[in-house]
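Heads up: the structure comes next, in structure tokens.
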2 protein chains.
Amino acid sequence: MTLNELASRSGEWLRGVGPESDIVISTRIRLARNLADFPFIRCCKTADRAAIEQTMRQRVLTRDAFKHLTYLDVVELSSVDRQFLVERQLISRELAEAEGARGVAIDPKERFSIMVSEEDHFRVQVMHSGLALQETWAQVDCIDDEIEAAVSYAFHEQLGYLTACPTNVGTGMRVSVMLHLPALVMTRQIDKVFRSLQKISLAVRGLYGEGSQATGDFYQISNQITLGRTEQELIEQVGEVVPAIIDYERRAREFLLKESPNDLHDRVSRAHGILSTAQTISSEETMHLLSSVRMGVNLGLLDIDIAMLNKLFIHTQPAHLQKISGGELDTADRNIERATYLQSHLRSEPSDGENN
Amino acid sequence: MTLNELASRSGEWLRGVGPESDIVISTRIRLARNLADFPFIRCCKTADRAAIEQTMRQRVLTRDAFKHLTYLDVVELSSVDRQFLVERQLISRELAEAEGARGVAIDPKERFSIMVSEEDHFRVQVMHSGLALQETWAQVDCIDDEIEAAVSYAFHEQLGYLTACPTNVGTGMRVSVMLHLPALVMTRQIDKVFRSLQKISLAVRGLYGEGSQATGDFYQISNQITLGRTEQELIEQVGEVVPAIIDYERRAREFLLKESPNDLHDRVSRAHGILSTAQTISSEETMHLLSSVRMGVNLGLLDIDIAMLNKLFIHTQPAHLQKISGGELDTADRNIERATYLQSHLRSEPSDGENN
């Protein structure tokens, strides 16, 4: 599998299926793991980092369960390719921007990836479409067991898994659910929801993780605590809160549909019109308009394939456009390429929900 | 001919043909005329006004040249119908809002109309598509002769035609050319052009006459002086200035096409996208967007019938929408009706200039 092949399709987690997939884009669980035989990454010498990578390649990826993975040496990737993997959510921004030997093993269907020498030696992440906490946990747990059969993890009987950053010690687990919450943003209730989440130690971040803006009205809800609870307890906490947020979003949509149906339909329909006709468009405006269109589809106001829309959020990002067009593009050229890409995907689609 | 029949089609002057019709919408000449036997309107008693109307109906409209005209008693019209005739440029706002016996005779193809008891006893106006000063003058002169064969005009050997307002004394003529000048507006040169026109005593007004805003980037250029010059001299002055303005507008369009082709194409294409997809839209936004689309068609960026576009400027006005929908509508309902009307006309059209 090459990166160009990846660029021409989209991951399983963007299929727009699974429970609550009108609001829940994806469920992701990542585990931070370190090898017992090496210092943490920030203390590693060059030889240590090379040895950690060798461990992954020769002892882990040679196992039957992992033979189908593609291993990418991040050092050798161009900056566009690194950015592409970040946009695809297959590696973190930190891994893309770090220095020294590092890599990532990718499942061709993008159901999971294993980063090597990010903040920790290994970071395993599994992604599912829709709200699928138990399935995601079962899969990441299974992958974790497979890796542990080949290597010795740094583990402390009382503390649990040892990690480079104290905030990850214990389970080393982060459970993230990506939600699409346009109606809570439109009705200005989103801040209230987030303040409640922070009180119960859940973090809220944008589409691209810590520090990223919530473009496209996407929000990732995740646990902040990893120590002193079991994995099941952490999953249950997120699993209890997310349905409440989904319910708030549904009620906000119903409110908008009831109170100002024309304005809502107008907003959704114009967003589709602009995306289908713009000749140059920024990433920010694209995300903003796609968000309205996505909500419109889920409310039956437009008839567009939701998996294709999910894909557009990712494929209109800067590095994706450059992979698709096959060359480096400056901002102005990207804005034109983005408009062309959007037109080719949206103009051929039926769009009027009433024609259903 | 009924007003409903009028509402379902558009006038000859909107056909978008004739010289310079990419920039010149129409040429209009109106003559202010008064009958020798009656005082000016503002001094008329009820019986005088009734007699003036009788003169029009029994002595003028009975002539062979005028038998095809429809005479409308403005007093009996509903306020929507009056507004409809104003939007259609067949009567002035003043005639619509005046009190007392008054009317208008309309050519079914809307090539000319004769208002009765506006500011003067008769106001004759002829409208042509494109820049057609001599043809328009020849026609209005001919109509004037026909009327004068039946009645005696108030005429002074030295001053010329006598009118209620001193600014119209002399020829009683106003020559107006309606121009579409979006590129001069976009490049902020329009004010400079207008200051030059005012220096040579030409007036600039919006689509709907004195005091109306220049919505849709439409501007009417007309003479202010009517006294001490012949009709030919007045026509020649306008005829010399208009080509210079057309030239400025063409250069401004070329400048935009050369300096920022993507931004221009984007503006035009998005305007078409919004007009085709909005579910509710104000008259002001409609005019603004239609103006961009109209320029785009003339620059080959979009492929839409120009006569249909010209019609949309008029048919999306408030009274037209109410005539078309067959009932009174408040602002919110008009905005929805307007959006529906625009969609039905723009969605079926091919739109991408590149497919020509």
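So you can find residues: chains in the structure tokens are A, B, ... in the order shown, residues in each start at 1, and ligands are numbered from 1 in order.
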Name the residues in contact with Leu162 of chain A at a cut-off of 9 Å, using only C-alpha atoms, excluding same-chain residues fewer than 2 positions from it; report them as a VMD selection string.
-> chain A and resid 32 to 34 153 to 156 159 to 160 164 to 166 168 to 172
Write to file, as a CSV table (one decimal), in the first residue's frame, the residues of the selection just made, with C-alpha atoms.
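What follows is the written file out_7.csv:
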```
chain,number,residue,atom,x,y,z
A,32,ALA,CA,0.4,4.5,25.4
A,33,ARG,CA,3.0,1.7,25.8
A,34,ASN,CA,6.7,1.6,26.6
A,153,TYR,CA,6.1,-3.6,28.5
A,154,ALA,CA,7.2,-1.2,31.3
A,155,PHE,CA,4.6,-2.0,33.9
A,156,HIS,CA,4.4,-1.3,37.6
A,159,LEU,CA,0.8,2.2,39.0
A,160,GLY,CA,0.1,0.1,35.9
A,164,ALA,CA,6.7,9.3,29.5
A,165,CYS,CA,4.1,11.8,30.7
A,166,PRO,CA,2.6,11.3,34.2
A,168,ASN,CA,-0.9,8.8,30.9
A,169,VAL,CA,0.4,6.5,33.7
A,170,GLY,CA,-2.0,3.7,34.7
A,171,THR,CA,-4.1,2.5,31.8
A,172,GLY,CA,-2.2,4.6,29.3
```
Any chance you could dump chain A, least-squares fitted to chain B on all C-alpha atoms in order, as a compact mmCIF listing (two decimals) with C-alpha atoms, in the first residue's frame?
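superposed-v1.txt written:
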```
# COMPACT_ATOMS: atom_id res chain seq x y z
CA MET A 1 -54.75 42.62 -21.80
CA THR A 2 -54.94 42.12 -18.02
CA LEU A 3 -52.26 42.85 -15.43
CA ASN A 4 -51.98 39.10 -14.78
CA GLU A 5 -51.09 38.59 -18.43
CA LEU A 6 -48.46 41.31 -18.11
CA ALA A 7 -47.07 39.65 -14.97
CA SER A 8 -46.51 36.36 -16.75
CA ARG A 9 -44.21 37.81 -19.41
CA SER A 10 -41.78 40.67 -19.79
CA GLY A 11 -41.55 43.83 -21.82
CA GLU A 12 -39.75 44.30 -25.11
CA TRP A 13 -37.22 46.57 -23.46
CA LEU A 14 -35.98 43.67 -21.26
CA ARG A 15 -35.13 41.42 -24.19
CA GLY A 16 -31.43 42.11 -23.76
CA VAL A 17 -30.90 42.84 -27.44
CA GLY A 18 -29.79 45.93 -29.34
CA PRO A 19 -26.47 47.76 -29.42
CA GLU A 20 -24.25 47.46 -26.31
CA SER A 21 -26.89 45.38 -24.56
CA ASP A 22 -24.26 43.73 -22.33
CA ILE A 23 -24.05 47.06 -20.51
CA VAL A 24 -27.01 49.14 -21.72
CA ILE A 25 -30.27 47.64 -20.50
CA SER A 26 -32.60 50.15 -22.08
CA THR A 27 -33.10 53.56 -23.61
CA ARG A 28 -36.09 55.60 -22.52
CA ILE A 29 -37.42 58.98 -23.59
CA ARG A 30 -40.34 60.67 -21.90
CA LEU A 31 -42.14 63.84 -22.90
CA ALA A 32 -44.09 66.04 -20.46
CA ARG A 33 -47.14 67.56 -22.16
CA ASN A 34 -50.07 69.66 -20.99
CA LEU A 35 -53.38 70.54 -22.61
CA ALA A 36 -53.91 74.21 -23.45
CA ASP A 37 -57.49 74.20 -22.15
CA PHE A 38 -56.86 73.16 -18.54
CA PRO A 39 -54.88 74.44 -15.55
CA PHE A 40 -51.83 72.42 -14.43
CA ILE A 41 -52.71 69.31 -12.39
CA ARG A 42 -51.94 70.82 -8.99
CA CYS A 43 -54.51 73.57 -9.70
CA CYS A 44 -57.13 71.26 -11.19
CA LYS A 45 -60.55 70.81 -9.65
CA THR A 46 -62.13 67.36 -9.65
CA ALA A 47 -64.12 68.22 -12.77
CA ASP A 48 -60.94 69.32 -14.60
CA ARG A 49 -59.16 66.04 -13.84
CA ALA A 50 -62.19 64.07 -15.01
CA ALA A 51 -62.24 66.12 -18.21
CA ILE A 52 -58.51 65.53 -18.82
CA GLU A 53 -59.03 61.79 -18.46
CA GLN A 54 -62.04 62.00 -20.81
CA THR A 55 -59.88 63.80 -23.35
CA MET A 56 -57.35 60.97 -23.29
CA ARG A 57 -59.97 58.23 -23.50
CA GLN A 58 -62.31 59.77 -26.05
CA ARG A 59 -60.06 61.88 -28.25
CA VAL A 60 -56.61 60.28 -28.07
CA LEU A 61 -57.11 56.57 -27.45
CA THR A 62 -59.80 56.33 -30.09
CA ARG A 63 -57.23 57.08 -32.79
CA ASP A 64 -56.08 54.14 -34.93
CA ALA A 65 -52.49 54.41 -33.67
CA PHE A 66 -53.65 53.92 -30.08
CA LYS A 67 -56.55 51.49 -30.36
CA HIS A 68 -54.35 48.58 -29.24
CA LEU A 69 -53.49 50.28 -25.93
CA THR A 70 -54.98 49.19 -22.62
CA TYR A 71 -56.18 52.05 -20.45
CA LEU A 72 -55.97 51.49 -16.70
CA ASP A 73 -57.80 53.69 -14.18
CA VAL A 74 -55.11 53.92 -11.49
CA VAL A 75 -57.66 54.97 -8.83
CA GLU A 76 -59.35 51.59 -9.12
CA LEU A 77 -56.16 49.54 -8.89
CA SER A 78 -55.11 47.80 -5.68
CA SER A 79 -51.89 48.99 -4.06
CA VAL A 80 -50.15 45.78 -5.24
CA ASP A 81 -51.22 46.46 -8.86
CA ARG A 82 -49.98 50.05 -8.68
CA GLN A 83 -46.67 48.89 -7.24
CA PHE A 84 -46.53 46.24 -9.98
CA LEU A 85 -46.78 48.92 -12.68
CA VAL A 86 -44.04 50.95 -10.96
CA GLU A 87 -41.75 47.91 -10.84
CA ARG A 88 -42.50 47.36 -14.51
CA GLN A 89 -41.47 50.96 -15.19
CA LEU A 90 -44.85 51.58 -16.87
CA ILE A 91 -45.89 54.27 -14.38
CA SER A 92 -43.94 56.49 -12.00
CA ARG A 93 -43.97 56.16 -8.23
CA GLU A 94 -45.59 59.61 -8.21
CA LEU A 95 -48.54 58.46 -10.33
CA ALA A 96 -48.97 55.38 -8.12
CA GLU A 97 -49.05 57.44 -4.94
CA ALA A 98 -50.98 60.51 -6.15
CA GLU A 99 -54.65 61.22 -5.41
CA GLY A 100 -57.51 62.05 -7.74
CA ALA A 101 -58.53 60.80 -11.20
CA ARG A 102 -55.49 59.48 -13.07
CA GLY A 103 -54.57 56.66 -15.37
CA VAL A 104 -52.18 55.11 -17.81
CA ALA A 105 -52.45 53.79 -21.36
CA ILE A 106 -50.14 50.84 -21.95
CA ASP A 107 -48.85 49.27 -25.14
CA PRO A 108 -49.27 45.49 -24.65
CA LYS A 109 -45.63 44.93 -25.62
CA GLU A 110 -44.60 47.66 -23.16
CA ARG A 111 -42.80 49.63 -25.84
CA PHE A 112 -44.56 52.74 -24.60
CA SER A 113 -47.04 54.13 -22.09
CA ILE A 114 -48.90 57.40 -21.63
CA MET A 115 -49.53 58.52 -18.05
CA VAL A 116 -52.50 60.80 -17.48
CA SER A 117 -52.53 63.37 -14.66
CA GLU A 118 -49.15 62.62 -13.16
CA GLU A 119 -47.32 65.94 -12.55
CA ASP A 120 -48.35 67.00 -16.07
CA HIS A 121 -51.55 66.20 -17.97
CA PHE A 122 -49.82 63.65 -20.19
CA ARG A 123 -46.46 61.97 -19.91
CA VAL A 124 -45.49 59.89 -22.91
CA GLN A 125 -42.63 57.43 -22.56
CA VAL A 126 -41.05 55.07 -25.05
CA MET A 127 -38.66 52.29 -24.02
CA HIS A 128 -36.22 50.31 -26.17
CA SER A 129 -33.84 47.48 -25.36
CA GLY A 130 -30.14 48.40 -25.59
CA LEU A 131 -28.71 51.76 -26.70
CA ALA A 132 -31.21 53.08 -29.23
CA LEU A 133 -31.50 56.83 -28.86
CA GLN A 134 -32.57 57.70 -32.41
CA GLU A 135 -35.13 54.90 -32.71
CA THR A 136 -36.59 55.80 -29.34
CA TRP A 137 -36.75 59.47 -30.27
CA ALA A 138 -38.35 58.72 -33.64
CA GLN A 139 -41.05 56.66 -31.97
CA VAL A 140 -41.85 59.10 -29.15
CA ASP A 141 -41.89 61.97 -31.64
CA CYS A 142 -44.35 60.07 -33.78
CA ILE A 143 -46.61 59.31 -30.81
CA ASP A 144 -46.40 62.95 -29.75
CA ASP A 145 -47.56 64.04 -33.23
CA GLU A 146 -50.46 61.58 -33.09
CA ILE A 147 -51.62 62.99 -29.76
CA GLU A 148 -51.18 66.57 -30.95
CA ALA A 149 -53.38 65.83 -33.93
CA ALA A 150 -56.22 65.28 -31.46
CA VAL A 151 -55.57 67.92 -28.78
CA SER A 152 -54.04 71.37 -28.30
CA TYR A 153 -50.85 71.41 -26.22
CA ALA A 154 -49.87 74.28 -23.93
CA PHE A 155 -47.01 75.75 -25.98
CA HIS A 156 -45.18 79.07 -25.80
CA GLU A 157 -43.39 80.31 -28.87
CA GLN A 158 -40.27 81.35 -27.01
CA LEU A 159 -40.23 78.86 -24.12
CA GLY A 160 -41.56 75.78 -25.88
CA TYR A 161 -43.78 73.22 -24.14
CA LEU A 162 -45.15 74.52 -20.84
CA THR A 163 -44.94 72.13 -17.88
CA ALA A 164 -46.03 72.08 -14.24
CA CYS A 165 -42.44 72.11 -13.01
CA PRO A 166 -40.11 74.78 -14.47
CA THR A 167 -37.31 72.20 -14.83
CA ASN A 168 -39.27 70.49 -17.62
CA VAL A 169 -40.22 73.63 -19.62
CA GLY A 170 -38.89 73.73 -23.19
CA THR A 171 -38.65 70.32 -24.76
CA GLY A 172 -40.37 68.61 -21.81
CA MET A 173 -38.01 65.77 -22.61
CA ARG A 174 -36.02 63.44 -20.43
CA VAL A 175 -33.67 61.02 -22.18
CA SER A 176 -32.61 58.15 -19.90
CA VAL A 177 -30.17 55.34 -20.56
CA MET A 178 -30.11 52.50 -18.03
CA LEU A 179 -26.62 51.09 -17.60
CA HIS A 180 -25.36 48.03 -15.75
CA LEU A 181 -22.02 49.02 -14.20
CA PRO A 182 -20.91 46.28 -11.76
CA ALA A 183 -17.19 46.46 -12.59
CA LEU A 184 -17.06 50.24 -12.03
CA VAL A 185 -18.70 49.62 -8.63
CA MET A 186 -16.28 46.77 -7.78
CA THR A 187 -13.25 48.82 -8.71
CA ARG A 188 -14.62 51.86 -6.81
CA GLN A 189 -14.48 54.13 -9.84
CA ILE A 190 -18.22 54.77 -10.00
CA ASP A 191 -18.23 57.93 -7.86
CA LYS A 192 -15.57 59.51 -10.04
CA VAL A 193 -17.64 58.80 -13.16
CA PHE A 194 -20.71 60.36 -11.55
CA ARG A 195 -18.95 63.50 -10.44
CA SER A 196 -17.87 64.03 -14.05
CA LEU A 197 -21.44 63.54 -15.26
CA GLN A 198 -22.82 66.04 -12.78
CA LYS A 199 -20.37 68.65 -14.02
CA ILE A 200 -21.94 68.45 -17.47
CA SER A 201 -25.48 68.58 -16.02
CA LEU A 202 -26.38 64.93 -16.47
CA ALA A 203 -28.33 63.25 -13.66
CA VAL A 204 -27.61 59.79 -12.27
CA ARG A 205 -30.38 57.81 -10.60
CA GLY A 206 -31.09 54.21 -9.56
CA LEU A 207 -33.29 51.61 -11.20
CA TYR A 208 -36.51 53.16 -9.93
CA GLY A 209 -35.86 56.83 -10.55
CA GLU A 210 -35.24 59.80 -8.32
CA GLY A 211 -34.22 58.92 -4.77
CA SER A 212 -34.04 55.18 -5.47
CA GLN A 213 -30.82 53.37 -4.60
CA ALA A 214 -28.68 51.99 -7.36
CA THR A 215 -29.60 48.39 -6.53
CA GLY A 216 -28.16 45.73 -8.77
CA ASP A 217 -25.50 48.19 -9.98
CA PHE A 218 -28.04 49.74 -12.38
CA TYR A 219 -27.72 53.43 -13.09
CA GLN A 220 -29.90 55.71 -15.20
CA ILE A 221 -28.07 58.53 -16.90
CA SER A 222 -30.33 61.35 -18.06
CA ASN A 223 -30.37 65.00 -19.08
CA GLN A 224 -31.24 67.63 -16.48
CA ILE A 225 -31.56 70.54 -18.89
CA THR A 226 -34.66 70.69 -21.14
CA LEU A 227 -34.77 74.37 -22.03
CA GLY A 228 -32.83 76.26 -24.71
CA ARG A 229 -31.72 73.20 -26.64
CA THR A 230 -33.35 71.17 -29.36
CA GLU A 231 -34.38 67.58 -28.77
CA GLN A 232 -31.56 66.46 -31.09
CA GLU A 233 -29.01 68.41 -29.04
CA LEU A 234 -30.18 66.79 -25.82
CA ILE A 235 -30.08 63.32 -27.37
CA GLU A 236 -26.64 63.98 -28.79
CA GLN A 237 -25.26 64.99 -25.42
CA VAL A 238 -26.39 61.72 -23.84
CA GLY A 239 -25.31 59.89 -26.99
CA GLU A 240 -21.78 61.23 -26.65
CA VAL A 241 -21.36 60.48 -22.96
CA VAL A 242 -22.82 56.97 -22.76
CA PRO A 243 -20.20 55.32 -25.04
CA ALA A 244 -17.48 56.76 -22.80
CA ILE A 245 -19.09 55.19 -19.71
CA ILE A 246 -19.52 51.90 -21.55
CA ASP A 247 -15.83 52.05 -22.37
CA TYR A 248 -14.90 52.68 -18.72
CA GLU A 249 -17.04 49.71 -17.63
CA ARG A 250 -15.49 47.45 -20.29
CA ARG A 251 -11.99 48.44 -19.18
CA ALA A 252 -12.87 47.81 -15.53
CA ARG A 253 -14.14 44.33 -16.48
CA GLU A 254 -10.96 43.62 -18.42
CA PHE A 255 -8.90 44.81 -15.46
CA LEU A 256 -10.74 42.47 -13.08
CA LEU A 257 -10.43 39.57 -15.53
CA LYS A 258 -6.71 40.16 -15.83
CA GLU A 259 -5.79 41.07 -12.25
CA SER A 260 -7.94 38.62 -10.29
CA PRO A 261 -9.60 36.15 -12.65
CA ASN A 262 -10.13 33.53 -9.93
CA ASP A 263 -11.75 35.96 -7.52
CA LEU A 264 -13.99 37.28 -10.29
CA HIS A 265 -15.02 33.82 -11.45
CA ASP A 266 -15.54 32.82 -7.81
CA ARG A 267 -17.77 35.82 -7.13
CA VAL A 268 -19.87 35.19 -10.23
CA SER A 269 -20.14 31.45 -9.71
CA ARG A 270 -21.04 31.71 -6.02
CA ALA A 271 -23.67 34.33 -6.80
CA HIS A 272 -25.27 31.85 -9.18
CA GLY A 273 -24.94 29.10 -6.58
CA ILE A 274 -26.64 31.12 -3.86
CA LEU A 275 -29.46 32.32 -6.12
CA SER A 276 -30.08 28.72 -7.21
CA THR A 277 -30.16 27.27 -3.70
CA ALA A 278 -31.41 29.95 -1.28
CA GLN A 279 -34.67 29.04 0.42
CA THR A 280 -35.37 32.61 1.52
CA ILE A 281 -33.80 35.74 0.05
CA SER A 282 -34.38 39.49 0.23
CA SER A 283 -34.91 41.73 -2.78
CA GLU A 284 -31.69 43.60 -2.02
CA GLU A 285 -29.52 40.47 -1.89
CA THR A 286 -31.21 39.15 -5.04
CA MET A 287 -30.40 42.31 -7.02
CA HIS A 288 -26.83 42.28 -5.73
CA LEU A 289 -26.25 38.64 -6.72
CA LEU A 290 -28.10 38.90 -10.05
CA SER A 291 -25.80 41.78 -10.90
CA SER A 292 -22.73 39.55 -10.48
CA VAL A 293 -24.37 36.76 -12.48
CA ARG A 294 -25.31 39.18 -15.28
CA MET A 295 -21.73 40.41 -15.53
CA GLY A 296 -20.52 36.79 -15.46
CA VAL A 297 -22.73 35.91 -18.41
CA ASN A 298 -21.44 38.88 -20.39
CA LEU A 299 -17.85 37.84 -19.62
CA GLY A 300 -18.49 34.26 -20.77
CA LEU A 301 -18.06 32.82 -17.25
CA LEU A 302 -21.65 31.54 -17.11
CA ASP A 303 -24.07 30.43 -19.80
CA ILE A 304 -27.50 31.81 -18.93
CA ASP A 305 -30.04 33.50 -21.20
CA ILE A 306 -29.60 37.25 -20.69
CA ALA A 307 -33.25 38.08 -21.38
CA MET A 308 -34.26 35.67 -18.61
CA LEU A 309 -31.78 37.32 -16.24
CA ASN A 310 -33.07 40.81 -17.13
CA LYS A 311 -36.54 39.52 -16.39
CA LEU A 312 -35.48 38.17 -12.98
CA PHE A 313 -34.38 41.66 -11.85
CA ILE A 314 -37.94 42.88 -12.40
CA HIS A 315 -39.98 39.77 -11.62
CA THR A 316 -38.40 39.26 -8.18
CA GLN A 317 -39.64 42.67 -7.01
CA PRO A 318 -42.28 42.55 -4.24
CA ALA A 319 -45.42 43.34 -6.26
CA HIS A 320 -44.40 41.03 -9.11
CA LEU A 321 -44.03 38.13 -6.67
CA GLN A 322 -47.48 38.84 -5.28
CA LYS A 323 -49.02 38.99 -8.76
CA ILE A 324 -47.31 35.73 -9.69
CA SER A 325 -48.30 33.91 -6.49
CA GLY A 326 -51.82 35.33 -6.69
CA GLY A 327 -52.14 36.81 -3.22
CA GLU A 328 -50.78 39.32 -0.72
CA LEU A 329 -47.55 38.19 0.95
CA ASP A 330 -45.70 39.68 3.91
CA THR A 331 -41.95 40.23 3.73
CA ALA A 332 -41.02 36.78 5.11
CA ASP A 333 -43.34 34.99 2.68
CA ARG A 334 -42.13 37.13 -0.22
CA ASN A 335 -38.54 36.14 0.59
CA ILE A 336 -39.53 32.47 0.37
CA GLU A 337 -41.57 33.00 -2.82
CA ARG A 338 -38.64 34.90 -4.34
CA ALA A 339 -36.25 32.04 -3.56
CA THR A 340 -38.64 29.51 -5.09
CA TYR A 341 -39.07 31.68 -8.19
CA LEU A 342 -35.30 32.09 -8.61
CA GLN A 343 -34.70 28.34 -8.21
CA SER A 344 -37.30 27.44 -10.80
CA HIS A 345 -35.67 29.78 -13.31
CA LEU A 346 -31.99 29.20 -12.57
CA ARG A 347 -31.75 25.48 -11.77
CA SER A 348 -32.94 24.31 -15.17
CA GLU A 349 -30.47 26.51 -17.01
CA PRO A 350 -27.01 25.36 -18.03
CA SER A 351 -24.64 27.49 -16.02
CA ASP A 352 -21.03 26.64 -16.67
CA GLY A 353 -19.55 28.87 -19.35
CA GLU A 354 -16.90 26.27 -20.03
CA ASN A 355 -19.49 23.87 -21.39
CA ASN A 356 -20.30 26.24 -24.22
```
Which of segment 76-198 of chain B fall in helix (DSSP H, G or I), as a ChimeraX atom specification = /B:76,79-87,93-97,133-148,166-168,182-186,190-198
List every residue of segment 145-332 of chain A that DSSP, applied to the backbone of this structure, assigns to strand (DSSP E or B), and report them as an MDAnalysis selection string.
-> chainID A and resid 153 155:156 160:161 170 173:180 202:206 209 218:223 302
Let me see the file: selected residues, N, CA and C atoms, as a JSON list (two decimals), in the first residue's frame.
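Final file, result26.json:
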```json
[["chain", "number", "residue", "atom", "x", "y", "z"],
["A", 153, "TYR", "N", 6.54, -4.96, 28.25],
["A", 153, "TYR", "CA", 6.13, -3.58, 28.51],
["A", 153, "TYR", "C", 6.68, -3.11, 29.85],
["A", 155, "PHE", "N", 5.87, -1.92, 33.13],
["A", 155, "PHE", "CA", 4.63, -2.04, 33.90],
["A", 155, "PHE", "C", 4.96, -2.07, 35.38],
["A", 156, "HIS", "N", 4.21, -1.35, 36.17],
["A", 156, "HIS", "CA", 4.42, -1.30, 37.61],
["A", 156, "HIS", "C", 3.18, -1.87, 38.28],
["A", 160, "GLY", "N", 0.54, 0.56, 37.23],
["A", 160, "GLY", "CA", 0.05, 0.13, 35.91],
["A", 160, "GLY", "C", 1.10, 0.41, 34.86],
["A", 161, "TYR", "N", 0.65, 0.71, 33.63],
["A", 161, "TYR", "CA", 1.60, 0.98, 32.54],
["A", 161, "TYR", "C", 2.32, 2.29, 32.81],
["A", 170, "GLY", "N", -0.86, 4.48, 34.21],
["A", 170, "GLY", "CA", -2.01, 3.71, 34.69],
["A", 170, "GLY", "C", -2.50, 2.83, 33.56],
["A", 173, "MET", "N", -4.51, 4.87, 28.58],
["A", 173, "MET", "CA", -5.60, 4.86, 27.60],
["A", 173, "MET", "C", -6.28, 6.20, 27.43],
["A", 174, "ARG", "N", -6.51, 6.56, 26.20],
["A", 174, "ARG", "CA", -7.39, 7.71, 25.93],
["A", 174, "ARG", "C", -8.52, 7.22, 25.03],
["A", 175, "VAL", "N", -9.75, 7.42, 25.52],
["A", 175, "VAL", "CA", -10.95, 7.08, 24.76],
["A", 175, "VAL", "C", -11.49, 8.37, 24.18],
["A", 176, "SER", "N", -11.61, 8.45, 22.85],
["A", 176, "SER", "CA", -12.12, 9.69, 22.24],
["A", 176, "SER", "C", -13.32, 9.39, 21.36],
["A", 177, "VAL", "N", -14.34, 10.23, 21.50],
["A", 177, "VAL", "CA", -15.50, 10.11, 20.62],
["A", 177, "VAL", "C", -15.62, 11.43, 19.86],
["A", 178, "MET", "N", -15.62, 11.35, 18.54],
["A", 178, "MET", "CA", -15.73, 12.56, 17.72],
["A", 178, "MET", "C", -17.17, 12.83, 17.39],
["A", 179, "LEU", "N", -17.65, 14.00, 17.81],
["A", 179, "LEU", "CA", -19.06, 14.35, 17.65],
["A", 179, "LEU", "C", -19.22, 15.53, 16.69],
["A", 180, "HIS", "N", -20.29, 15.52, 15.94],
["A", 180, "HIS", "CA", -20.63, 16.64, 15.07],
["A", 180, "HIS", "C", -21.81, 17.38, 15.70],
["A", 202, "LEU", "N", -13.63, 15.43, 31.77],
["A", 202, "LEU", "CA", -13.54, 15.00, 30.38],
["A", 202, "LEU", "C", -12.97, 16.16, 29.56],
["A", 203, "ALA", "N", -12.11, 15.86, 28.60],
["A", 203, "ALA", "CA", -11.50, 16.91, 27.78],
["A", 203, "ALA", "C", -12.29, 17.07, 26.49],
["A", 204, "VAL", "N", -12.30, 18.30, 25.97],
["A", 204, "VAL", "CA", -12.93, 18.58, 24.69],
["A", 204, "VAL", "C", -11.89, 19.20, 23.77],
["A", 205, "ARG", "N", -11.71, 18.62, 22.60],
["A", 205, "ARG", "CA", -10.74, 19.14, 21.65],
["A", 205, "ARG", "C", -11.34, 19.19, 20.25],
["A", 206, "GLY", "N", -10.64, 19.85, 19.32],
["A", 206, "GLY", "CA", -11.14, 19.95, 17.94],
["A", 206, "GLY", "C", -10.80, 18.72, 17.13],
["A", 209, "GLY", "N", -7.09, 17.32, 17.44],
["A", 209, "GLY", "CA", -6.45, 17.12, 18.72],
["A", 209, "GLY", "C", -6.16, 18.38, 19.50],
["A", 218, "PHE", "N", -16.84, 19.99, 14.76],
["A", 218, "PHE", "CA", -16.47, 18.67, 15.27],
["A", 218, "PHE", "C", -15.79, 18.82, 16.62],
["A", 219, "TYR", "N", -16.16, 17.95, 17.53],
["A", 219, "TYR", "CA", -15.58, 18.00, 18.87],
["A", 219, "TYR", "C", -15.24, 16.59, 19.30],
["A", 220, "GLN", "N", -14.03, 16.44, 19.87],
["A", 220, "GLN", "CA", -13.63, 15.14, 20.42],
["A", 220, "GLN", "C", -13.78, 15.21, 21.94],
["A", 221, "ILE", "N", -14.57, 14.30, 22.45],
["A", 221, "ILE", "CA", -14.72, 14.18, 23.90],
["A", 221, "ILE", "C", -13.84, 13.03, 24.35],
["A", 222, "SER", "N", -13.00, 13.26, 25.37],
["A", 222, "SER", "CA", -12.14, 12.15, 25.81],
["A", 222, "SER", "C", -11.85, 12.23, 27.31],
["A", 223, "ASN", "N", -11.42, 11.11, 27.85],
["A", 223, "ASN", "CA", -11.08, 11.06, 29.28],
["A", 223, "ASN", "C", -9.76, 11.79, 29.54],
["A", 302, "LEU", "N", -31.40, 17.62, 2.58],
["A", 302, "LEU", "CA", -30.61, 17.38, 1.38],
["A", 302, "LEU", "C", -30.40, 15.88, 1.25]]
```
